[in-house]
$ cat work.txt   # compact mmCIF, C-alpha atoms
# COMPACT_ATOMS: atom_id res chain seq x y z
CA ALA A 105 31.40 34.96 -22.65
CA ILE A 106 28.81 32.80 -24.42
CA ALA A 107 28.03 30.99 -21.15
CA PHE A 108 26.65 34.22 -19.64
CA PHE A 109 23.80 34.03 -22.13
CA LEU A 110 23.01 30.34 -21.60
CA PRO A 111 20.17 29.21 -19.26
CA ASP A 112 21.13 28.75 -15.62
CA ASN A 113 18.87 25.71 -15.35
CA ALA A 114 17.89 22.64 -17.33
CA HIS A 115 14.49 21.04 -17.82
CA VAL A 116 13.70 17.64 -19.35
CA GLU A 117 10.17 16.33 -19.76
CA ARG A 118 8.56 13.19 -21.15
CA SER A 119 4.95 11.93 -21.12
CA ILE A 120 3.04 8.73 -21.71
CA ALA A 121 -0.58 7.56 -21.55
CA ILE A 122 -1.30 4.67 -19.17
CA ALA A 123 -4.60 2.81 -19.43
CA ARG A 124 -5.21 2.74 -15.71
CA PRO A 125 -6.74 5.26 -13.24
CA PRO A 126 -4.46 7.88 -11.58
CA SER A 127 -4.89 6.11 -8.24
CA GLN A 128 -3.05 3.02 -9.50
CA VAL A 129 -0.22 5.02 -11.05
CA PHE A 130 0.11 7.12 -7.90
CA ALA A 131 0.31 4.01 -5.70
CA VAL A 132 3.43 2.90 -7.59
CA LEU A 133 5.13 6.30 -7.78
CA ASP A 134 4.42 7.24 -4.14
CA SER A 135 6.62 4.39 -2.93
CA TYR A 136 9.98 2.83 -3.81
CA ARG A 137 8.83 -0.76 -3.19
CA ARG A 138 8.33 -1.35 -6.94
CA PHE A 139 10.88 1.17 -8.23
CA ASN A 140 13.32 -1.44 -9.53
CA ASP A 141 10.49 -3.01 -11.55
CA TRP A 142 10.22 0.04 -13.80
CA SER A 143 13.42 2.04 -13.28
CA PRO A 144 15.32 2.55 -16.56
CA TRP A 145 18.61 2.35 -14.66
CA PHE A 146 18.18 -0.82 -12.60
CA GLU A 147 19.17 -3.17 -15.43
CA VAL A 148 22.34 -1.11 -16.05
CA ASP A 149 23.67 -2.50 -12.76
CA PRO A 150 21.30 -5.09 -11.21
CA HIS A 151 23.90 -5.73 -8.51
CA ALA A 152 23.99 -2.15 -7.23
CA GLN A 153 23.52 -1.83 -3.48
CA VAL A 154 20.09 -0.37 -2.75
CA THR A 155 18.76 0.91 0.57
CA ILE A 156 15.15 1.95 1.14
CA THR A 157 14.48 3.93 4.30
CA GLY A 158 11.76 6.08 5.81
CA PRO A 159 8.04 5.38 5.57
CA GLY A 160 6.76 2.82 3.10
CA SER A 161 5.19 5.56 1.01
CA GLY A 162 4.71 9.32 0.86
CA VAL A 163 6.90 12.18 2.04
CA GLY A 164 10.11 10.91 3.62
CA ALA A 165 10.39 7.66 1.67
CA LYS A 166 13.99 7.43 0.46
CA TYR A 167 15.88 5.30 -2.06
CA ALA A 168 19.69 5.29 -2.05
CA TRP A 169 21.96 3.41 -4.42
CA SER A 170 25.64 2.68 -4.98
CA GLY A 171 26.70 0.87 -8.13
CA ASN A 172 29.18 0.70 -10.97
CA LYS A 173 30.57 3.65 -12.91
CA ASP A 174 27.52 3.73 -15.17
CA VAL A 175 24.98 4.32 -12.38
CA GLY A 176 27.25 5.91 -9.76
CA SER A 177 25.76 6.59 -6.35
CA GLY A 178 23.20 8.93 -4.87
CA SER A 179 19.73 9.10 -3.41
CA GLN A 180 16.21 10.26 -4.10
CA GLN A 181 13.57 11.16 -1.54
CA ILE A 182 9.90 12.00 -1.86
CA VAL A 183 9.45 15.58 -0.66
CA GLU A 184 5.89 16.29 -1.79
CA ALA A 185 2.91 14.16 -2.76
CA LYS A 186 -0.66 15.01 -3.73
CA PRO A 187 -2.76 11.85 -3.85
CA ASN A 188 -3.51 10.79 -7.43
CA GLU A 189 -2.10 14.07 -8.79
CA MET A 190 1.62 14.57 -8.21
CA VAL A 191 4.81 13.15 -6.67
CA LYS A 192 7.95 15.28 -6.29
CA THR A 193 11.37 13.90 -5.40
CA ALA A 194 14.68 15.48 -4.40
CA LEU A 195 17.67 13.92 -6.19
CA ASP A 196 21.19 14.00 -4.75
CA PHE A 197 24.03 12.84 -7.02
CA GLY A 198 26.82 13.82 -4.63
CA GLU A 199 29.56 15.78 -6.40
CA MET A 200 27.45 15.86 -9.57
CA GLY A 201 24.89 18.07 -7.85
CA LYS A 202 21.28 18.07 -6.81
CA SER A 203 18.03 18.31 -8.75
CA THR A 204 14.33 17.53 -8.57
CA ALA A 205 12.04 15.19 -10.46
CA THR A 206 8.26 15.54 -10.61
CA PHE A 207 5.51 13.23 -11.80
CA HIS A 208 2.24 14.91 -12.80
CA LEU A 209 -0.83 12.68 -13.23
CA THR A 210 -3.72 13.92 -15.38
CA PRO A 211 -6.93 11.89 -15.83
CA GLU A 212 -7.48 11.02 -19.48
CA GLY A 213 -10.70 9.09 -20.08
CA GLN A 214 -10.37 5.85 -18.11
CA GLY A 215 -6.60 6.23 -18.01
CA THR A 216 -3.85 8.64 -16.96
CA GLN A 217 -1.45 10.96 -18.74
CA VAL A 218 1.85 10.75 -16.84
CA THR A 219 4.38 13.56 -17.26
CA TRP A 220 7.85 13.00 -15.80
CA GLY A 221 9.90 16.16 -15.43
CA PHE A 222 13.49 16.81 -14.38
CA ASP A 223 14.84 20.18 -13.20
CA MET A 224 18.39 21.17 -12.28
CA SER A 225 19.77 24.60 -11.35
CA PHE A 226 23.44 25.37 -12.01
CA GLY A 227 23.77 28.13 -9.42
CA GLY A 228 25.56 30.46 -11.80
CA LYS A 229 28.30 27.96 -12.72
CA LEU A 230 29.18 28.81 -16.30
CA ILE A 231 30.69 25.45 -17.30
CA SER A 232 27.61 23.65 -15.96
CA ARG A 233 25.42 25.71 -18.28
CA TYR A 234 27.07 23.99 -21.26
CA PHE A 235 26.26 20.64 -19.64
CA GLY A 236 22.66 21.77 -19.42
CA LEU A 237 22.47 22.03 -23.22
CA MET A 238 23.05 18.27 -23.43
CA MET A 239 20.73 17.26 -20.59
CA ASP A 240 17.77 16.32 -22.78
CA ALA A 241 19.91 14.09 -25.00
CA TYR A 242 21.62 12.68 -21.92
CA ILE A 243 18.59 11.49 -19.93
CA GLY A 244 15.64 11.88 -22.30
CA LYS A 245 15.96 8.35 -23.68
CA ASP A 246 16.10 6.98 -20.11
CA TYR A 247 12.89 8.82 -19.23
CA ASP A 248 11.18 7.38 -22.31
CA LYS A 249 12.34 3.89 -21.36
CA GLY A 250 11.29 4.29 -17.72
CA LEU A 251 7.81 5.51 -18.63
CA ALA A 252 7.36 2.61 -21.05
CA LYS A 253 8.30 0.16 -18.30
CA LEU A 254 6.01 1.96 -15.83
CA LYS A 255 3.17 1.65 -18.34
CA ASN A 256 3.75 -2.11 -18.75
CA LEU A 257 3.89 -2.60 -14.98
CA VAL A 258 0.76 -0.64 -14.09
CA GLU A 259 -1.26 -2.01 -17.00
CA SER A 260 -0.51 -5.53 -15.71
CA PHE A 261 -2.73 -4.71 -12.71
CA PRO A 262 -6.52 -5.27 -12.76
CA ALA A 263 -8.30 -2.16 -14.09
CA ALA A 264 -9.75 -0.79 -10.85
CA ASP A 265 -9.90 2.65 -9.24
CA ILE A 266 -8.29 2.34 -5.78
CA SER A 267 -8.54 6.02 -4.84
CA GLY A 268 -10.78 5.20 -1.86
CA VAL A 269 -8.50 2.51 -0.45
CA GLN A 270 -6.65 3.34 2.76
CA ARG A 271 -3.31 1.55 3.06
CA GLN A 272 -1.19 0.89 6.10
CA GLU A 273 2.22 -0.73 6.44
CA VAL A 274 2.53 -3.28 9.25
CA GLN A 275 5.37 -5.44 10.55
CA ARG A 276 4.83 -9.19 10.87
CA THR A 277 6.95 -11.96 12.32
CA PRO A 278 8.32 -14.13 9.48
CA GLN A 279 6.41 -17.40 9.07
CA LYS A 280 6.75 -20.43 6.86
CA ILE A 281 4.20 -20.42 4.04
CA TYR A 282 3.07 -23.45 2.03
CA PHE A 283 1.59 -22.53 -1.33
CA VAL A 284 0.17 -23.86 -4.58
CA SER A 285 0.64 -21.96 -7.85
CA ALA A 286 -2.48 -21.84 -10.02
CA SER A 287 -4.16 -19.67 -12.63
CA SER A 288 -7.67 -19.28 -13.99
CA ALA A 289 -9.77 -17.26 -16.37
CA ALA A 290 -10.93 -13.82 -15.18
CA ASP A 291 -14.55 -14.80 -14.38
CA ALA A 292 -15.56 -15.55 -10.80
CA GLU A 293 -16.71 -19.12 -11.45
CA SER A 294 -13.36 -20.14 -12.98
CA ALA A 295 -11.47 -18.53 -10.10
CA LYS A 296 -13.70 -20.32 -7.58
CA THR A 297 -13.02 -23.71 -9.18
CA VAL A 298 -9.24 -23.20 -9.25
CA LEU A 299 -9.07 -21.84 -5.69
CA THR A 300 -11.20 -24.68 -4.32
CA GLU A 301 -8.82 -27.20 -5.88
CA ALA A 302 -5.73 -25.34 -4.63
CA PHE A 303 -6.99 -25.04 -1.05
CA GLY A 304 -7.96 -28.72 -1.17
CA LYS A 305 -4.37 -29.67 -2.00
CA LEU A 306 -3.04 -27.47 0.80
CA SER A 307 -5.50 -28.85 3.32
CA ALA A 308 -4.55 -32.44 2.44
CA PHE A 309 -0.83 -31.62 2.74
CA ILE A 310 -1.34 -29.93 6.12
CA GLN A 311 -3.30 -32.86 7.54
CA ALA A 312 -0.91 -35.49 6.15
CA ASN A 313 2.09 -33.80 7.74
CA GLY A 314 0.52 -32.84 11.08
CA ILE A 315 1.02 -29.09 10.48
CA ALA A 316 -0.82 -26.59 12.72
CA MET A 317 -2.08 -23.52 10.84
CA GLN A 318 -0.96 -20.20 12.34
CA GLY A 319 -3.25 -17.93 10.34
CA ALA A 320 -5.93 -17.65 7.71
CA PRO A 321 -5.33 -18.84 4.13
CA MET A 322 -4.28 -16.20 1.61
CA THR A 323 -4.94 -15.87 -2.12

$ encode --input "work.txt" --output "structure tokens"
Amino acid sequence: AIAFFLPDNAHVERSIAIARPPSQVFAVLDSYRRFNDWSPWFEVDPHAQVTITGPGSGVGAKYAWSGNKDVGSGSQQIVEAKPNEMVKTALDFGEMGKSTATFHLTPEGQGTQVTWGFDMSFGGKLISRYFGLMMDAYIGKDYDKGLAKLKNLVESFPAADISGVQRQEVQRTPQKIYFVSASSAADAESAKTVLTEAFGKLSAFIQANGIAMQGAPMT
């Protein structure tokens, strides 16, 4: 009888401030290419089978997983996206049900307030309503952990507003790449010195080994 008076849905919400523009946060959340770099669940089973399908970003991008008993299996797909404002995903946990997750991005000074929300409807199932009472305790700590990892990832990027950048995914034939690892200070003169030295090493290696370049150098 008590279950009749319990909510027929559950909502969990966590927020964090990220010291980068909304455009940078949106670029990460609107795609699954970097999802494992900030997901709070990836380290629970790093060997889980992951499949990414659909477009590289935006509506239709899909991430499916199958792992151990702690992560189970399921999928999530982007179903709505407003550039630099919001990303909504549909979650499918198989027999455990379906739900939605939404990221809201709010400009805050030079940074972004990110709010990650989770919503699940129980469709009138009385036993599920009891489960809903524990939902915040069940996934809230994971949301906190995921947002903290997202913050660390995005704040590792240069502080630049990329809202005017148009991106496009292209397919290229695999090629062998020769590279030199190097680092410099953030000023242009230091970068120029290091890059000049690195390209010099590559050029000498290419000439010494009779290698024909197939494209322009990359940095």

$ closest_residue --input "work.txt" --among "A:Ser225, A:Ser179, A:Thr210, A:Thr323" --to "Ala295 in chain A" --atoms "only C-alpha atoms"
A:Thr323

$ residues_around --input "work.txt" --residues "range 194-198 of chain A" --least-positions-apart "6" --cutoff "8 Å" --atoms "only C-alpha atoms" --output "ChimeraX atom specification"
/A:177-183,204-205

$ atom_distance --input "work.txt" --atom1 "CA of Val116 in chain A" --atom2 "CA of Ala131 in chain A"
23.5 Å

$ residues_near_point --input "work.txt" --point "(17.4, -1.1, -5.3)" --cutoff "10 Å" --atoms "all atoms listed in the file" --output "list in words"
Tyr136, Arg137, Arg138, Phe139, Asn140, Asp141, Ser143, Phe146, Asp149, Pro150, His151, Ala152, Gln153, Val154, Thr155, Ile156, Tyr167, Ala168, Trp169, Ser170 and Gly171 of chain A

$ atom_distance --input "work.txt" --atom1 "CA of Pro159 in chain A" --atom2 "CA of Leu209 in chain A"
22.0 Å

$ atom_distance --input "work.txt" --atom1 "CA of Ala320 in chain A" --atom2 "CA of Val274 in chain A"
16.7 Å

$ closest_residue --input "work.txt" --among "A:Val175, A:Ala286, A:Val258, A:Ile243" --to "Phe222 in chain A" --atoms "all atoms listed in the file"
A:Ile243

$ build_atoms --input "work.txt" --residues "range 180-209 of chain A" --atoms "N, CA and C atoms" --output "tab-separated table (two decimals), keeping the file's coordinate frame"
chain	number	residue	atom	x	y	z
A	180	GLN	N	17.39	9.49	-3.76
A	180	GLN	CA	16.21	10.26	-4.10
A	180	GLN	C	15.18	10.09	-2.99
A	181	GLN	N	14.51	11.18	-2.66
A	181	GLN	CA	13.57	11.16	-1.54
A	181	GLN	C	12.30	11.91	-1.93
A	182	ILE	N	11.17	11.33	-1.59
A	182	ILE	CA	9.90	12.00	-1.86
A	182	ILE	C	9.74	13.18	-0.91
A	183	VAL	N	9.55	14.36	-1.47
A	183	VAL	CA	9.45	15.58	-0.66
A	183	VAL	C	8.05	16.20	-0.73
A	184	GLU	N	7.25	15.76	-1.67
A	184	GLU	CA	5.89	16.29	-1.79
A	184	GLU	C	5.03	15.28	-2.55
A	185	ALA	N	3.81	15.10	-2.10
A	185	ALA	CA	2.91	14.16	-2.76
A	185	ALA	C	1.47	14.62	-2.61
A	186	LYS	N	0.76	14.72	-3.72
A	186	LYS	CA	-0.66	15.01	-3.73
A	186	LYS	C	-1.37	13.78	-4.28
A	187	PRO	N	-2.14	13.11	-3.44
A	187	PRO	CA	-2.76	11.85	-3.85
A	187	PRO	C	-3.39	11.91	-5.23
A	188	ASN	N	-2.96	10.97	-6.08
A	188	ASN	CA	-3.51	10.79	-7.43
A	188	ASN	C	-3.26	11.97	-8.36
A	189	GLU	N	-2.37	12.90	-7.95
A	189	GLU	CA	-2.10	14.07	-8.79
A	189	GLU	C	-0.61	14.30	-9.07
A	190	MET	N	0.23	14.18	-8.04
A	190	MET	CA	1.62	14.57	-8.21
A	190	MET	C	2.53	13.94	-7.16
A	191	VAL	N	3.76	13.63	-7.58
A	191	VAL	CA	4.81	13.15	-6.67
A	191	VAL	C	6.09	13.89	-7.04
A	192	LYS	N	6.72	14.52	-6.05
A	192	LYS	CA	7.95	15.28	-6.29
A	192	LYS	C	9.07	14.68	-5.47
A	193	THR	N	10.23	14.49	-6.09
A	193	THR	CA	11.37	13.90	-5.40
A	193	THR	C	12.59	14.79	-5.48
A	194	ALA	N	13.40	14.75	-4.43
A	194	ALA	CA	14.68	15.48	-4.40
A	194	ALA	C	15.78	14.49	-4.73
A	195	LEU	N	16.59	14.80	-5.74
A	195	LEU	CA	17.67	13.92	-6.19
A	195	LEU	C	19.01	14.48	-5.72
A	196	ASP	N	19.86	13.60	-5.21
A	196	ASP	CA	21.19	14.00	-4.75
A	196	ASP	C	22.21	13.07	-5.40
A	197	PHE	N	23.02	13.63	-6.31
A	197	PHE	CA	24.03	12.84	-7.02
A	197	PHE	C	25.43	13.08	-6.46
A	198	GLY	N	25.52	13.57	-5.24
A	198	GLY	CA	26.82	13.82	-4.63
A	198	GLY	C	27.54	14.96	-5.31
A	199	GLU	N	28.76	14.73	-5.77
A	199	GLU	CA	29.56	15.78	-6.40
A	199	GLU	C	28.94	16.27	-7.71
A	200	MET	N	28.07	15.46	-8.31
A	200	MET	CA	27.45	15.86	-9.57
A	200	MET	C	26.29	16.84	-9.37
A	201	GLY	N	25.91	17.07	-8.12
A	201	GLY	CA	24.89	18.07	-7.85
A	201	GLY	C	23.55	17.51	-7.43
A	202	LYS	N	22.62	18.42	-7.23
A	202	LYS	CA	21.28	18.07	-6.81
A	202	LYS	C	20.25	18.56	-7.83
A	203	SER	N	19.08	17.92	-7.82
A	203	SER	CA	18.03	18.31	-8.75
A	203	SER	C	16.70	17.81	-8.22
A	204	THR	N	15.65	18.02	-8.96
A	204	THR	CA	14.33	17.53	-8.57
A	204	THR	C	13.68	16.83	-9.75
A	205	ALA	N	12.82	15.88	-9.44
A	205	ALA	CA	12.04	15.19	-10.46
A	205	ALA	C	10.58	15.21	-10.01
A	206	THR	N	9.68	15.43	-10.95
A	206	THR	CA	8.26	15.54	-10.61
A	206	THR	C	7.42	14.72	-11.57
A	207	PHE	N	6.48	13.97	-11.01
A	207	PHE	CA	5.51	13.23	-11.80
A	207	PHE	C	4.15	13.92	-11.67
A	208	HIS	N	3.57	14.32	-12.79
A	208	HIS	CA	2.24	14.91	-12.80
A	208	HIS	C	1.28	13.91	-13.44
A	209	LEU	N	0.16	13.64	-12.76
A	209	LEU	CA	-0.83	12.68	-13.23
A	209	LEU	C	-2.10	13.42	-13.63
